[in-house]
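Colleague: So I've got this file, entry_2.txt, and it contains compact mmCIF, C-alpha atoms and all ligand atoms:
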# COMPACT_ATOMS: atom_id res chain seq x y z
CA MET A 1 105.32 98.11 81.36
CA ASN A 2 102.88 100.47 79.64
CA ARG A 3 101.97 103.61 81.47
CA MET A 4 98.38 103.38 82.44
CA ASN A 5 95.91 105.85 81.13
CA GLU A 6 94.14 107.93 83.77
CA THR A 7 90.81 106.87 82.34
CA ASP A 8 91.50 103.16 82.88
CA VAL A 9 89.49 102.75 86.02
CA GLN A 10 88.27 99.37 87.18
CA THR A 11 84.95 99.28 89.02
CA ILE A 12 83.93 96.45 91.31
CA GLU A 13 80.52 96.37 92.95
CA VAL A 14 80.08 95.07 96.47
CA ALA A 15 76.62 93.53 96.07
CA LEU A 16 74.79 94.31 99.30
CA GLY A 17 71.34 95.21 98.00
CA GLU A 18 70.38 98.75 98.91
CA ARG A 19 73.77 99.21 100.57
CA ARG A 20 75.74 98.11 97.51
CA TYR A 21 78.70 100.28 96.64
CA PRO A 22 81.43 100.67 94.05
CA VAL A 23 85.15 100.18 94.54
CA TRP A 24 87.06 102.24 91.96
CA ILE A 25 90.67 101.35 91.25
CA GLY A 26 92.93 103.39 89.00
CA ARG A 27 95.05 106.47 88.61
CA GLY A 28 94.13 110.11 89.16
CA LEU A 29 91.04 109.30 91.22
CA LEU A 30 91.79 111.60 94.16
CA GLY A 31 91.41 114.72 92.08
CA ASP A 32 88.41 113.33 90.22
CA GLY A 33 85.89 114.71 92.71
CA ALA A 34 82.96 114.52 90.30
CA ARG A 35 83.06 110.73 90.38
CA TRP A 36 82.79 110.21 94.12
CA ARG A 37 80.95 113.44 94.99
CA ALA A 38 77.90 111.84 93.41
CA ARG A 39 77.89 109.39 96.34
CA LEU A 40 77.51 112.18 98.95
CA ARG A 41 74.04 113.25 99.97
CA GLY A 42 74.59 116.32 102.13
CA ARG A 43 76.87 119.33 102.31
CA HIS A 44 79.04 118.47 105.31
CA ALA A 45 82.17 116.34 105.16
CA LEU A 46 84.82 115.50 107.73
CA VAL A 47 88.08 114.24 106.28
CA VAL A 48 89.93 111.95 108.69
CA SER A 49 93.59 111.36 107.87
CA ASN A 50 96.95 111.30 109.63
CA THR A 51 100.02 113.49 109.91
CA THR A 52 101.93 111.45 107.32
CA VAL A 53 99.28 111.14 104.62
CA ALA A 54 97.57 114.53 104.87
CA PRO A 55 100.65 116.59 103.84
CA LEU A 56 101.00 114.33 100.79
CA TYR A 57 97.44 114.01 99.55
CA LEU A 58 94.90 116.17 101.37
CA GLU A 59 95.29 119.08 98.97
CA ARG A 60 94.59 116.86 95.97
CA LEU A 61 91.51 115.44 97.65
CA ALA A 62 90.35 118.91 98.71
CA ARG A 63 90.04 120.01 95.07
CA GLY A 64 87.11 117.63 94.82
CA LEU A 65 85.47 119.07 97.94
CA GLU A 66 84.84 122.55 96.63
CA GLY A 67 81.41 123.88 97.50
CA LEU A 68 81.10 121.63 100.55
CA GLN A 69 81.42 122.62 104.17
CA TRP A 70 84.29 120.46 105.31
CA SER A 71 87.05 120.21 107.85
CA SER A 72 89.77 117.73 108.65
CA PHE A 73 90.74 115.72 111.69
CA LEU A 74 94.29 114.34 111.73
CA LEU A 75 95.56 111.44 113.81
CA GLU A 76 99.16 111.00 114.74
CA ASP A 77 100.72 108.16 112.79
CA GLY A 78 100.58 104.64 114.15
CA GLU A 79 98.43 101.79 115.39
CA ALA A 80 98.55 103.21 118.94
CA HIS A 81 96.36 106.10 117.79
CA LYS A 82 93.50 103.82 116.67
CA SER A 83 91.97 104.52 120.06
CA PHE A 84 88.65 105.25 121.67
CA ALA A 85 89.93 108.66 122.73
CA ASN A 86 90.49 109.59 119.10
CA VAL A 87 87.01 108.41 118.10
CA GLY A 88 85.72 110.90 120.66
CA ARG A 89 87.84 113.64 119.10
CA ALA A 90 86.61 112.79 115.60
CA LEU A 91 83.01 112.98 116.84
CA GLU A 92 83.75 116.39 118.41
CA ALA A 93 85.10 117.51 115.05
CA LEU A 94 81.79 116.46 113.46
CA ALA A 95 79.92 118.44 116.10
CA LEU A 96 82.08 121.51 115.48
CA LEU A 97 81.40 121.21 111.78
CA GLY A 98 77.67 121.22 112.48
CA ALA A 99 77.35 117.84 110.77
CA THR A 100 73.78 116.72 110.15
CA ARG A 101 72.47 113.22 109.41
CA ASP A 102 73.33 113.55 105.75
CA ALA A 103 76.97 114.41 106.51
CA CYS A 104 79.82 112.23 105.35
CA VAL A 105 83.14 111.07 106.77
CA ILE A 106 85.96 110.64 104.30
CA ALA A 107 88.83 108.37 105.38
CA LEU A 108 92.09 109.29 103.67
CA GLY A 109 94.86 106.91 104.69
CA GLY A 110 95.74 103.33 105.56
CA GLY A 111 93.77 100.82 107.59
CA VAL A 112 94.27 102.66 110.86
CA VAL A 113 92.58 105.80 109.54
CA GLY A 114 89.90 103.81 107.70
CA ASP A 115 88.94 101.68 110.71
CA LEU A 116 88.69 104.66 113.06
CA ALA A 117 86.95 107.00 110.62
CA GLY A 118 84.43 104.30 109.69
CA PHE A 119 83.69 103.66 113.34
CA ALA A 120 83.16 107.38 114.00
CA ALA A 121 80.76 107.45 111.02
CA ALA A 122 78.91 104.44 112.45
CA CYS A 123 78.48 106.26 115.78
CA TRP A 124 77.61 109.82 114.75
CA MET A 125 73.82 110.15 114.92
CA ARG A 126 73.70 106.32 114.82
CA GLY A 127 75.32 106.10 111.45
CA ILE A 128 76.18 108.43 108.61
CA ASP A 129 77.78 107.90 105.22
CA PHE A 130 81.47 107.39 104.80
CA ILE A 131 83.85 107.06 101.92
CA GLN A 132 87.06 105.11 102.02
CA VAL A 133 90.05 106.62 100.24
CA PRO A 134 92.70 103.99 100.99
CA THR A 135 96.34 104.98 100.49
CA THR A 136 98.16 101.77 101.45
CA LEU A 137 98.06 98.58 99.41
CA LEU A 138 96.74 96.74 102.46
CA ALA A 139 93.87 99.17 102.83
CA MET A 140 93.08 98.96 99.09
CA VAL A 141 92.94 95.17 98.97
CA ASP A 142 91.62 94.48 102.41
CA SER A 143 90.53 96.91 105.12
CA SER A 144 88.61 99.46 103.01
CA VAL A 145 86.25 96.80 101.63
CA GLY A 146 83.74 94.90 103.74
CA GLY A 147 82.55 97.31 106.41
CA LYS A 148 84.49 96.18 109.46
CA THR A 149 85.27 99.31 111.47
CA GLY A 150 86.64 99.76 114.95
CA VAL A 151 89.41 100.68 117.34
CA ASN A 152 91.79 99.07 119.83
CA LEU A 153 91.53 98.98 123.61
CA PRO A 154 94.53 98.79 125.93
CA SER A 155 93.47 95.18 126.54
CA GLY A 156 93.49 94.16 122.90
CA LYS A 157 93.38 94.96 119.18
CA ASN A 158 90.08 95.64 117.40
CA LEU A 159 87.99 94.77 120.45
CA VAL A 160 85.42 97.50 119.82
CA GLY A 161 83.72 98.08 116.51
CA ALA A 162 80.75 97.96 114.21
CA PHE A 163 79.84 96.68 110.78
CA HIS A 164 79.30 99.83 108.75
CA GLN A 165 79.71 99.69 104.98
CA PRO A 166 81.18 102.65 103.08
CA ARG A 167 79.26 104.39 100.28
CA ALA A 168 82.23 104.07 97.96
CA VAL A 169 85.89 103.09 97.93
CA VAL A 170 88.26 105.28 95.95
CA ALA A 171 91.58 103.46 95.44
CA ASP A 172 93.89 105.89 93.66
CA ILE A 173 97.05 103.91 92.99
CA ASP A 174 99.02 107.12 92.39
CA THR A 175 99.12 107.39 96.18
CA LEU A 176 101.16 104.18 96.36
CA ALA A 177 104.13 106.06 94.88
CA THR A 178 105.12 107.26 98.35
CA LEU A 179 104.34 104.04 100.21
CA PRO A 180 107.48 102.42 101.71
CA ASP A 181 108.47 99.09 100.10
CA ARG A 182 107.98 97.16 103.29
CA GLU A 183 104.38 98.40 103.63
CA TYR A 184 103.76 97.59 99.98
CA ARG A 185 104.98 94.01 100.40
CA ALA A 186 102.90 93.59 103.56
CA GLY A 187 99.84 94.42 101.43
CA LEU A 188 100.85 91.74 98.93
CA ALA A 189 100.72 89.14 101.70
CA GLU A 190 96.98 89.75 102.08
CA VAL A 191 96.64 89.41 98.30
CA VAL A 192 98.36 86.02 98.31
CA LYS A 193 96.14 85.03 101.22
CA GLY A 194 92.95 85.69 99.24
CA ALA A 195 94.21 83.65 96.29
CA ALA A 196 95.41 80.83 98.56
CA ILE A 197 92.01 80.58 100.25
CA GLY A 198 89.63 80.76 97.37
CA ASP A 199 90.99 81.47 93.89
CA ALA A 200 93.47 79.05 92.34
CA ASP A 201 93.44 80.88 88.97
CA PHE A 202 94.39 84.11 90.70
CA PHE A 203 97.17 82.26 92.54
CA ALA A 204 98.59 81.06 89.20
CA TRP A 205 98.25 84.59 87.82
CA LEU A 206 100.24 85.93 90.78
CA GLU A 207 102.96 83.34 90.13
CA ALA A 208 103.13 84.52 86.52
CA HIS A 209 103.31 88.20 87.51
CA ALA A 210 105.35 88.01 90.72
CA ASP A 211 108.42 89.77 89.32
CA THR A 212 106.44 92.68 87.87
CA LEU A 213 104.53 92.99 91.12
CA ALA A 214 107.70 92.93 93.20
CA ALA A 215 108.98 95.75 90.95
CA ARG A 216 105.73 97.66 91.53
CA GLY A 217 104.53 97.79 87.91
CA SER A 218 101.34 99.85 87.91
CA ALA A 219 99.21 97.86 85.44
CA ALA A 220 99.91 94.67 87.39
CA ILE A 221 99.07 96.46 90.63
CA VAL A 222 95.66 97.61 89.36
CA GLU A 223 94.87 94.10 88.15
CA THR A 224 96.03 92.61 91.45
CA ILE A 225 93.92 94.97 93.54
CA ALA A 226 90.91 94.40 91.30
CA ARG A 227 91.17 90.61 91.54
CA LYS A 228 91.63 90.62 95.30
CA VAL A 229 88.77 93.09 95.82
CA ARG A 230 86.51 91.04 93.53
CA TYR A 231 87.25 87.98 95.63
CA LYS A 232 86.71 89.75 98.95
CA ALA A 233 83.56 91.52 97.69
CA GLY A 234 82.09 88.11 96.83
CA VAL A 235 82.82 86.75 100.28
CA VAL A 236 81.39 89.86 101.97
CA ALA A 237 78.24 89.78 99.83
CA ARG A 238 77.64 86.14 100.81
CA ASP A 239 78.52 86.52 104.50
CA GLU A 240 78.58 90.17 105.56
CA THR A 241 78.75 89.65 109.33
CA GLU A 242 81.06 86.61 109.43
CA GLN A 243 78.63 83.85 110.31
CA GLY A 244 80.63 81.41 108.19
CA GLU A 245 82.66 81.81 105.00
CA ARG A 246 84.09 85.24 105.87
CA ALA A 247 86.09 83.64 108.69
CA LEU A 248 88.21 81.91 106.03
CA LEU A 249 89.83 85.30 105.38
CA ASN A 250 91.70 84.67 108.62
CA LEU A 251 94.00 82.05 107.07
CA GLY A 252 97.39 82.45 108.74
CA HIS A 253 96.02 85.02 111.18
CA THR A 254 95.92 82.97 114.39
CA PHE A 255 99.59 82.07 113.95
CA GLY A 256 100.25 85.60 112.68
CA HIS A 257 98.61 87.37 115.62
CA ALA A 258 100.63 85.22 118.03
CA LEU A 259 103.82 86.24 116.20
CA GLU A 260 102.79 89.90 116.28
CA THR A 261 101.95 89.80 119.97
CA ALA A 262 105.11 87.91 120.86
CA GLY A 263 107.10 90.52 118.91
CA ARG A 264 105.20 93.24 120.80
CA TYR A 265 103.81 94.53 117.47
CA THR A 266 107.15 96.08 116.52
CA ALA A 267 109.18 93.24 115.03
CA LEU A 268 106.79 92.37 112.20
CA LEU A 269 104.22 94.27 110.16
CA HIS A 270 100.82 92.60 110.12
CA GLY A 271 101.22 91.40 106.52
CA GLU A 272 104.64 89.97 107.29
CA ALA A 273 103.21 88.05 110.25
CA VAL A 274 100.41 86.79 107.99
CA ALA A 275 102.94 85.54 105.42
CA ILE A 276 104.76 83.48 108.05
CA GLY A 277 101.44 82.49 109.61
CA MET A 278 100.07 81.19 106.30
CA LEU A 279 103.11 78.99 105.86
CA LEU A 280 102.72 77.65 109.38
CA ALA A 281 99.04 76.92 108.65
CA ALA A 282 100.07 75.18 105.43
CA ARG A 283 102.65 73.04 107.25
CA LEU A 284 100.18 72.17 109.99
CA SER A 285 97.63 71.19 107.33
CA GLU A 286 100.22 68.95 105.72
CA ARG A 287 100.96 67.35 109.08
CA LEU A 288 97.22 66.68 109.49
CA ASP A 289 97.11 65.10 106.00
CA MET A 290 94.85 67.82 104.64
CA SER A 291 97.20 69.20 101.99
CA HIS A 292 100.32 68.35 100.01
CA ALA A 293 103.92 69.48 100.24
CA ASP A 294 103.75 70.68 96.59
CA ASP A 295 101.17 73.30 97.52
CA THR A 296 103.18 74.44 100.52
CA GLY A 297 106.18 74.74 98.21
CA ARG A 298 104.28 76.95 95.74
CA LEU A 299 103.09 79.19 98.57
CA LEU A 300 106.61 79.46 99.97
CA ARG A 301 108.16 80.35 96.60
CA LEU A 302 105.52 82.97 95.77
CA LEU A 303 105.91 84.71 99.12
CA GLU A 304 109.69 84.68 98.74
CA ARG A 305 109.56 86.14 95.23
CA LEU A 306 107.35 88.94 96.55
CA GLY A 307 110.00 89.77 99.14
CA LEU A 308 108.05 88.59 102.16
CA PRO A 309 109.59 86.92 105.21
CA VAL A 310 108.92 83.18 105.42
CA ALA A 311 110.94 82.09 108.46
CA MET A 312 109.98 82.24 112.12
CA PRO A 313 111.76 85.15 113.80
CA ASP A 314 114.46 84.15 116.28
CA GLY A 315 113.86 84.03 119.99
CA LEU A 316 110.21 82.96 120.03
CA GLU A 317 109.26 79.95 122.12
CA PRO A 318 106.75 77.51 120.58
CA GLU A 319 105.00 77.06 123.93
CA GLN A 320 104.60 80.82 124.29
CA LEU A 321 103.15 81.10 120.77
CA LEU A 322 100.70 78.27 121.42
CA ALA A 323 99.57 79.98 124.62
CA LEU A 324 98.91 83.17 122.63
CA MET A 325 97.00 81.21 119.99
CA ARG A 326 94.67 79.90 122.70
CA LEU A 327 93.55 83.50 123.30
CA ASP A 328 92.35 84.02 119.72
CA LYS A 329 88.85 85.43 119.20
CA LYS A 330 87.93 82.57 116.85
CA ASN A 331 88.28 79.92 119.53
CA THR A 332 85.27 78.47 121.26
CA ALA A 333 85.56 77.38 124.89
CA GLY A 334 88.69 75.36 125.42
CA THR A 335 89.49 74.25 121.87
CA LEU A 336 91.68 75.68 119.13
CA ARG A 337 89.72 76.75 116.08
CA LEU A 338 91.89 77.44 113.04
CA ILE A 339 91.62 78.08 109.34
CA LEU A 340 93.42 75.19 107.69
CA TRP A 341 94.39 74.61 104.11
CA ARG A 342 93.35 72.04 101.54
CA GLY A 343 95.86 73.32 98.99
CA ILE A 344 95.90 76.24 96.52
CA GLY A 345 92.46 77.87 96.43
CA ARG A 346 90.81 75.89 99.22
CA ALA A 347 90.60 76.51 102.97
CA GLU A 348 88.32 75.41 105.76
CA ILE A 349 87.52 76.16 109.38
CA VAL A 350 88.55 73.38 111.71
CA ALA A 351 87.57 73.23 115.38
CA GLY A 352 89.31 71.13 118.01
CA VAL A 353 92.71 71.22 116.30
CA ASP A 354 95.23 68.95 118.02
CA GLU A 355 97.53 71.16 120.09
CA ASP A 356 100.39 68.66 119.87
CA ALA A 357 100.35 68.96 116.09
CA VAL A 358 100.43 72.77 116.40
CA LEU A 359 103.34 72.58 118.82
CA ALA A 360 105.24 70.16 116.59
CA THR A 361 104.73 72.48 113.60
CA LEU A 362 106.04 75.46 115.55
CA LYS A 363 109.06 73.50 116.80
CA GLU A 364 109.93 72.27 113.32
CA ALA A 365 109.64 75.80 111.89
CA ARG A 366 112.05 77.09 114.50
CA ALA A 367 114.67 74.45 113.84
P1 LIG B 401 98.56 102.03 108.52
O1 LIG B 401 97.25 102.65 108.35
O2 LIG B 401 99.25 102.19 109.83
O3 LIG B 401 99.53 102.56 107.36
C1 LIG B 401 100.86 102.07 107.32
C2 LIG B 401 101.87 103.22 107.29
O4 LIG B 401 101.88 103.82 105.99
C3 LIG B 401 101.54 104.36 108.25
O5 LIG B 401 102.74 104.85 108.78
C4 LIG B 401 100.89 105.40 107.33
O6 LIG B 401 100.99 106.70 107.83
C5 LIG B 401 101.68 105.22 106.08
N1 LIG B 401 101.03 105.61 104.83
C6 LIG B 401 99.74 105.40 104.48
N2 LIG B 401 99.56 105.73 103.20
C7 LIG B 401 100.74 106.20 102.74
C8 LIG B 401 101.18 106.68 101.48
N3 LIG B 401 100.36 106.70 100.43
N4 LIG B 401 102.46 107.10 101.37
C9 LIG B 401 103.30 107.02 102.44
N5 LIG B 401 102.96 106.54 103.63
C10 LIG B 401 101.69 106.13 103.78
O7 LIG B 401 98.51 100.46 108.26
P2 LIG B 401 97.73 99.57 107.18
O8 LIG B 401 98.61 98.42 106.94
O9 LIG B 401 97.22 100.36 106.04
O10 LIG B 401 96.45 99.09 108.02
C11 LIG B 401 96.59 98.35 109.21
C12 LIG B 401 95.33 98.53 110.02
O11 LIG B 401 94.22 98.06 109.28
C13 LIG B 401 95.33 97.79 111.34
O12 LIG B 401 94.83 98.64 112.34
C14 LIG B 401 94.38 96.64 111.08
O13 LIG B 401 93.71 96.22 112.27
C15 LIG B 401 93.43 97.24 110.11
N6 LIG B 401 92.74 96.26 109.25
C16 LIG B 401 91.39 96.34 109.16
C17 LIG B 401 90.70 95.47 108.34
C18 LIG B 401 89.22 95.60 108.20
O14 LIG B 401 88.58 94.74 107.60
N7 LIG B 401 88.63 96.67 108.69
C19 LIG B 401 91.38 94.52 107.59
C20 LIG B 401 92.77 94.47 107.69
C21 LIG B 401 93.44 95.36 108.52
MG MG B 402 94.82 90.70 107.95
Can the structure in the file be given as structure tokens, please?
Modeller:
Amino acid sequence: MNRMNETDVQTIEVALGERRYPVWIGRGLLGDGARWRARLRGRHALVVSNTTVAPLYLERLARGLEGLQWSSFLLEDGEAHKSFANVGRALEALALLGATRDACVIALGGGVVGDLAGFAAACWMRGIDFIQVPTTLLAMVDSSVGGKTGVNLPSGKNLVGAFHQPRAVVADIDTLATLPDREYRAGLAEVVKGAAIGDADFFAWLEAHADTLAARGSAAIVETIARKVRYKAGVVARDETEQGERALLNLGHTFGHALETAGRYTALLHGEAVAIGMLLAARLSERLDMSHADDTGRLLRLLERLGLPVAMPDGLEPEQLLALMRLDKKNTAGTLRLILWRGIGRAEIVAGVDEDAVLATLKEARA
């Protein structure tokens, strides 16, 4: 694999009229302050990060902040810290900084940091600029793009939030060098998901490059992120607030969330749960005569080659999983509403899904 040149930066626009913004993907972007500084309007910046990422990358980012009045607010590491209490602390940090309406929040980290920092930016003085600097593959291909921000409550994940688009996304793939393999693969699951839902050419491209991707080749990673972001940016531009098409991005997520909840969020990473969930959705779609076994087979093989889990974890009861699926946010009163699959590159929202078929799919997967 060729070493990539630092100047090879891909730019993808998220086309939202006056709120349009660039997503830059490439190497050496953290230190390239001139590029993203142009997106800031004022002189105040609060960098939100966490205790794992800041020691690795804050100094590099800070070189680009020279001349600004800035401070940092660090979360402890983990999903549990994506909390309302920490939003309050981030807002206090903005107050201490003397942040005005033209201030900016910079999120340096994975999806946890990005979701919380974006929500704080949405709240401070009813909304200030923010810049996403994602440092996990999942954040680069998924959470940093599209403007969904928010935090968890004790009663559930992501129950509080706002749509607030960033002013720019700076995806410096050099930061992936320190990302654990398991986190990297979990990000790939969301990539496969995008291709499976809406881009058959991309799916075939992933099949052709699966080995390089599994080995973390940097040129293939840039191309992968760019293709996934281009796909998601298109969906977001057409349906910013999820009135329709954007819901398709939840393929595998109703099954996946049930698996995560049943595993008390510790057994599986989100991307791993989505990988298994997508396969369950594919098998259910087959059972409902919506898709073919060949497509399910291609999905299964691609996920396996990328090192993702494809089997239901032991010890989960189908009835318990179905009960958890009934609690999903996508449901409307009393009926299961799922994203089902028509084969590679095509998905659709189906309401009133037959619970017996879901149960049979879960039982078969366990056997
Ligand atoms: P994460 O933010 O917890 O990061 C995963 C782990 O990697 C953490 O331990 C983190 O400290 C560490 N890490 C981050 N960057 C690193 C690096 N470069 N080197 C070494 N370690 C690094 O998890 P995530 O998978 O990035 O994001 C998950 C979160 O994103 C969830 O809260 C989820 O709800 C949210 N999410 C939001 C959206 C959205 O549209 N807003 C979409 C998908 C997911
Ligand atoms: Mg997801």
Colleague: Kindly extract all protein, DNA and RNA residues lying within 10 Å of the coordinates (93.0, 117.3, 102.5) given in the file, considering all atoms listed in the file, and supply them as a ChimeraX atom specification.
Modeller: /A:46-49,53-65,70-74,106,108
Colleague: Do you know which residues are at most 9 Å from Leu300 of chain A counting all atoms listed in the file, after dropping those on the same chain fewer than 4 positions away, and could you put them as a CSV table (one decimal) with C-alpha atoms, keeping the file's coordinate frame?
Modeller:
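That gives us out04.csv:
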chain,number,residue,atom,x,y,z
A,275,ALA,CA,102.9,85.5,105.4
A,279,LEU,CA,103.1,79.0,105.9
A,295,ASP,CA,101.2,73.3,97.5
A,296,THR,CA,103.2,74.4,100.5
A,304,GLU,CA,109.7,84.7,98.7
A,305,ARG,CA,109.6,86.1,95.2
A,310,VAL,CA,108.9,83.2,105.4
Colleague: What lies within 9 Å of Val235 of chain A using all atoms listed in the file, ignoring chain neighbours under 3 positions off, as a PDB file with C-alpha atoms, in the frame of the given file?
Modeller:
ATOM      1  CA  GLY A 146      83.740  94.900 103.740  1.00  0.00           C
ATOM      2  CA  ARG A 230      86.510  91.040  93.530  1.00  0.00           C
ATOM      3  CA  TYR A 231      87.250  87.980  95.630  1.00  0.00           C
ATOM      4  CA  LYS A 232      86.710  89.750  98.950  1.00  0.00           C
ATOM      5  CA  ARG A 238      77.640  86.140 100.810  1.00  0.00           C
ATOM      6  CA  ASP A 239      78.520  86.520 104.500  1.00  0.00           C
ATOM      7  CA  GLU A 240      78.580  90.170 105.560  1.00  0.00           C
ATOM      8  CA  GLU A 245      82.660  81.810 105.000  1.00  0.00           C
ATOM      9  CA  ARG A 246      84.090  85.240 105.870  1.00  0.00           C
ATOM     10  CA  LEU A 249      89.830  85.300 105.380  1.00  0.00           C
TER      11      LEU A 249
END
Colleague: Please build the interface table for segment 227-308 of chain A against segment 6-29 of chain A with a cut-off of 8 Å, listing for each qualifying residue the nearest atom pair and the distance in Å to one decimal; count only C-alpha atoms, order rows by chain and increasing number, and write it as a tab-separated table.
Modeller:
residue	atom	partner	partner_atom	distance
A:Val229	CA	A:Ile12	CA	7.4
A:Arg230	CA	A:Ile12	CA	6.4
A:Ala233	CA	A:Val14	CA	5.1
A:Gly234	CA	A:Val14	CA	7.3
A:Val236	CA	A:Val14	CA	7.7
A:Ala237	CA	A:Ala15	CA	5.6
Colleague: Convert the current residue selection to file output with C-alpha atoms, as a short mmCIF file (atom, residue, chain, number, x, y, z; two decimals), keeping the file's coordinate frame.
Modeller:
data_model
loop_
_atom_site.label_atom_id
_atom_site.label_comp_id
_atom_site.auth_asym_id
_atom_site.auth_seq_id
_atom_site.Cartn_x
_atom_site.Cartn_y
_atom_site.Cartn_z
CA VAL A 229 88.77 93.09 95.82
CA ARG A 230 86.51 91.04 93.53
CA ALA A 233 83.56 91.52 97.69
CA GLY A 234 82.09 88.11 96.83
CA VAL A 236 81.39 89.86 101.97
CA ALA A 237 78.24 89.78 99.83
#
Colleague: Would you mind listing the residues within 8 Å of ligand LIG 401 (chain B), counting all atoms listed in the file, as a ChimeraX atom specification?
Modeller: /A:50-53,56-57,77-79,82,109-115,134-139,142-151,157-158,175-180,183,186-187,269-271
Colleague: Take the residues that were just selected and, keeping C-alpha atoms, output them as a compact mmCIF listing (two decimals), in the coordinates of the input.
Modeller:
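Contents of result-v7.txt, freshly written:
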# COMPACT_ATOMS: atom_id res chain seq x y z
CA ASN A 50 96.95 111.30 109.63
CA THR A 51 100.02 113.49 109.91
CA THR A 52 101.93 111.45 107.32
CA VAL A 53 99.28 111.14 104.62
CA LEU A 56 101.00 114.33 100.79
CA TYR A 57 97.44 114.01 99.55
CA ASP A 77 100.72 108.16 112.79
CA GLY A 78 100.58 104.64 114.15
CA GLU A 79 98.43 101.79 115.39
CA LYS A 82 93.50 103.82 116.67
CA GLY A 109 94.86 106.91 104.69
CA GLY A 110 95.74 103.33 105.56
CA GLY A 111 93.77 100.82 107.59
CA VAL A 112 94.27 102.66 110.86
CA VAL A 113 92.58 105.80 109.54
CA GLY A 114 89.90 103.81 107.70
CA ASP A 115 88.94 101.68 110.71
CA PRO A 134 92.70 103.99 100.99
CA THR A 135 96.34 104.98 100.49
CA THR A 136 98.16 101.77 101.45
CA LEU A 137 98.06 98.58 99.41
CA LEU A 138 96.74 96.74 102.46
CA ALA A 139 93.87 99.17 102.83
CA ASP A 142 91.62 94.48 102.41
CA SER A 143 90.53 96.91 105.12
CA SER A 144 88.61 99.46 103.01
CA VAL A 145 86.25 96.80 101.63
CA GLY A 146 83.74 94.90 103.74
CA GLY A 147 82.55 97.31 106.41
CA LYS A 148 84.49 96.18 109.46
CA THR A 149 85.27 99.31 111.47
CA GLY A 150 86.64 99.76 114.95
CA VAL A 151 89.41 100.68 117.34
CA LYS A 157 93.38 94.96 119.18
CA ASN A 158 90.08 95.64 117.40
CA THR A 175 99.12 107.39 96.18
CA LEU A 176 101.16 104.18 96.36
CA ALA A 177 104.13 106.06 94.88
CA THR A 178 105.12 107.26 98.35
CA LEU A 179 104.34 104.04 100.21
CA PRO A 180 107.48 102.42 101.71
CA GLU A 183 104.38 98.40 103.63
CA ALA A 186 102.90 93.59 103.56
CA GLY A 187 99.84 94.42 101.43
CA LEU A 269 104.22 94.27 110.16
CA HIS A 270 100.82 92.60 110.12
CA GLY A 271 101.22 91.40 106.52
Colleague: By how many Å are atom CA of Arg298 of chain A and atom CA of Asp328 of chain A apart?
Modeller: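 A separation of 27.7 Å between them.
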Colleague: For ligand MG 402 (chain B), which residue out of A:Met312, A:Leu251, A:Met325, A:Ala258 is the nearest one, using all atoms listed in the file?
Modeller: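 Smallest distance to ligand MG 402 (chain B) is found for A:Leu251.
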Colleague: So, with all atoms listed in the file as the atoms that count, which of A:Lys363, A:Asp199, A:Leu316, A:Asp294 lies closest to Ala347 of chain A?
Modeller: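 Among the listed residues, A:Asp199 lies closest to Ala347 of chain A.
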Colleague: Pick out the residues sitting within 12 Å of Gly263 of chain A, and hand them over as JSON, numbers by chain; count only C-alpha atoms, and ignore anything fewer than 5 positions along from it in its own chain.
Modeller: {"A": [256, 257, 258, 268, 269, 270, 272, 273, 312, 313, 314, 315, 316, 317, 320, 321, 324]}
Colleague: May I ask for the distance between atom CA of Ile276 of chain A and atom CA of Phe163 of chain A, given in Å to one decimal place?
Modeller: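 Atom-to-atom, atom CA of Ile276 of chain A and atom CA of Phe163 of chain A are spaced 28.3 Å apart.
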Colleague: Out of A:Gly307, A:Gly194, A:Gly343, A:Gly244, which residue has the shortest atom-to-atom distance to ligand MG 402 (chain B) when counting only C-alpha atoms and all ligand atoms?
Modeller: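 Among A:Gly307, A:Gly194, A:Gly343, A:Gly244, it is A:Gly194 that comes nearest to ligand MG 402 (chain B).
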Colleague: Assuming the input is short of atoms at segment 266-272 of chain A, produce N, CA and C atoms for that part as a PDB file, in the coordinates of the input.
Modeller:
ATOM      1  N   THR A 266     106.158  95.208 117.144  1.00  0.00           N
ATOM      2  CA  THR A 266     107.150  96.080 116.520  1.00  0.00           C
ATOM      3  C   THR A 266     108.068  95.309 115.577  1.00  0.00           C
ATOM      4  N   ALA A 267     108.241  94.010 115.836  1.00  0.00           N
ATOM      5  CA  ALA A 267     109.180  93.240 115.030  1.00  0.00           C
ATOM      6  C   ALA A 267     108.655  93.008 113.613  1.00  0.00           C
ATOM      7  N   LEU A 268     107.374  92.735 113.489  1.00  0.00           N
ATOM      8  CA  LEU A 268     106.790  92.370 112.200  1.00  0.00           C
ATOM      9  C   LEU A 268     105.604  93.278 111.873  1.00  0.00           C
ATOM     10  N   LEU A 269     105.478  93.649 110.600  1.00  0.00           N
ATOM     11  CA  LEU A 269     104.220  94.270 110.160  1.00  0.00           C
ATOM     12  C   LEU A 269     103.168  93.179 110.079  1.00  0.00           C
ATOM     13  N   HIS A 270     101.895  93.586 110.138  1.00  0.00           N
ATOM     14  CA  HIS A 270     100.820  92.600 110.120  1.00  0.00           C
ATOM     15  C   HIS A 270     100.932  91.664 108.900  1.00  0.00           C
ATOM     16  N   GLY A 271     101.126  92.218 107.738  1.00  0.00           N
ATOM     17  CA  GLY A 271     101.220  91.400 106.520  1.00  0.00           C
ATOM     18  C   GLY A 271     102.382  90.424 106.563  1.00  0.00           C
ATOM     19  N   GLU A 272     103.484  90.855 107.155  1.00  0.00           N
ATOM     20  CA  GLU A 272     104.640  89.970 107.290  1.00  0.00           C
ATOM     21  C   GLU A 272     104.306  88.802 108.212  1.00  0.00           C
TER      22      GLU A 272
END
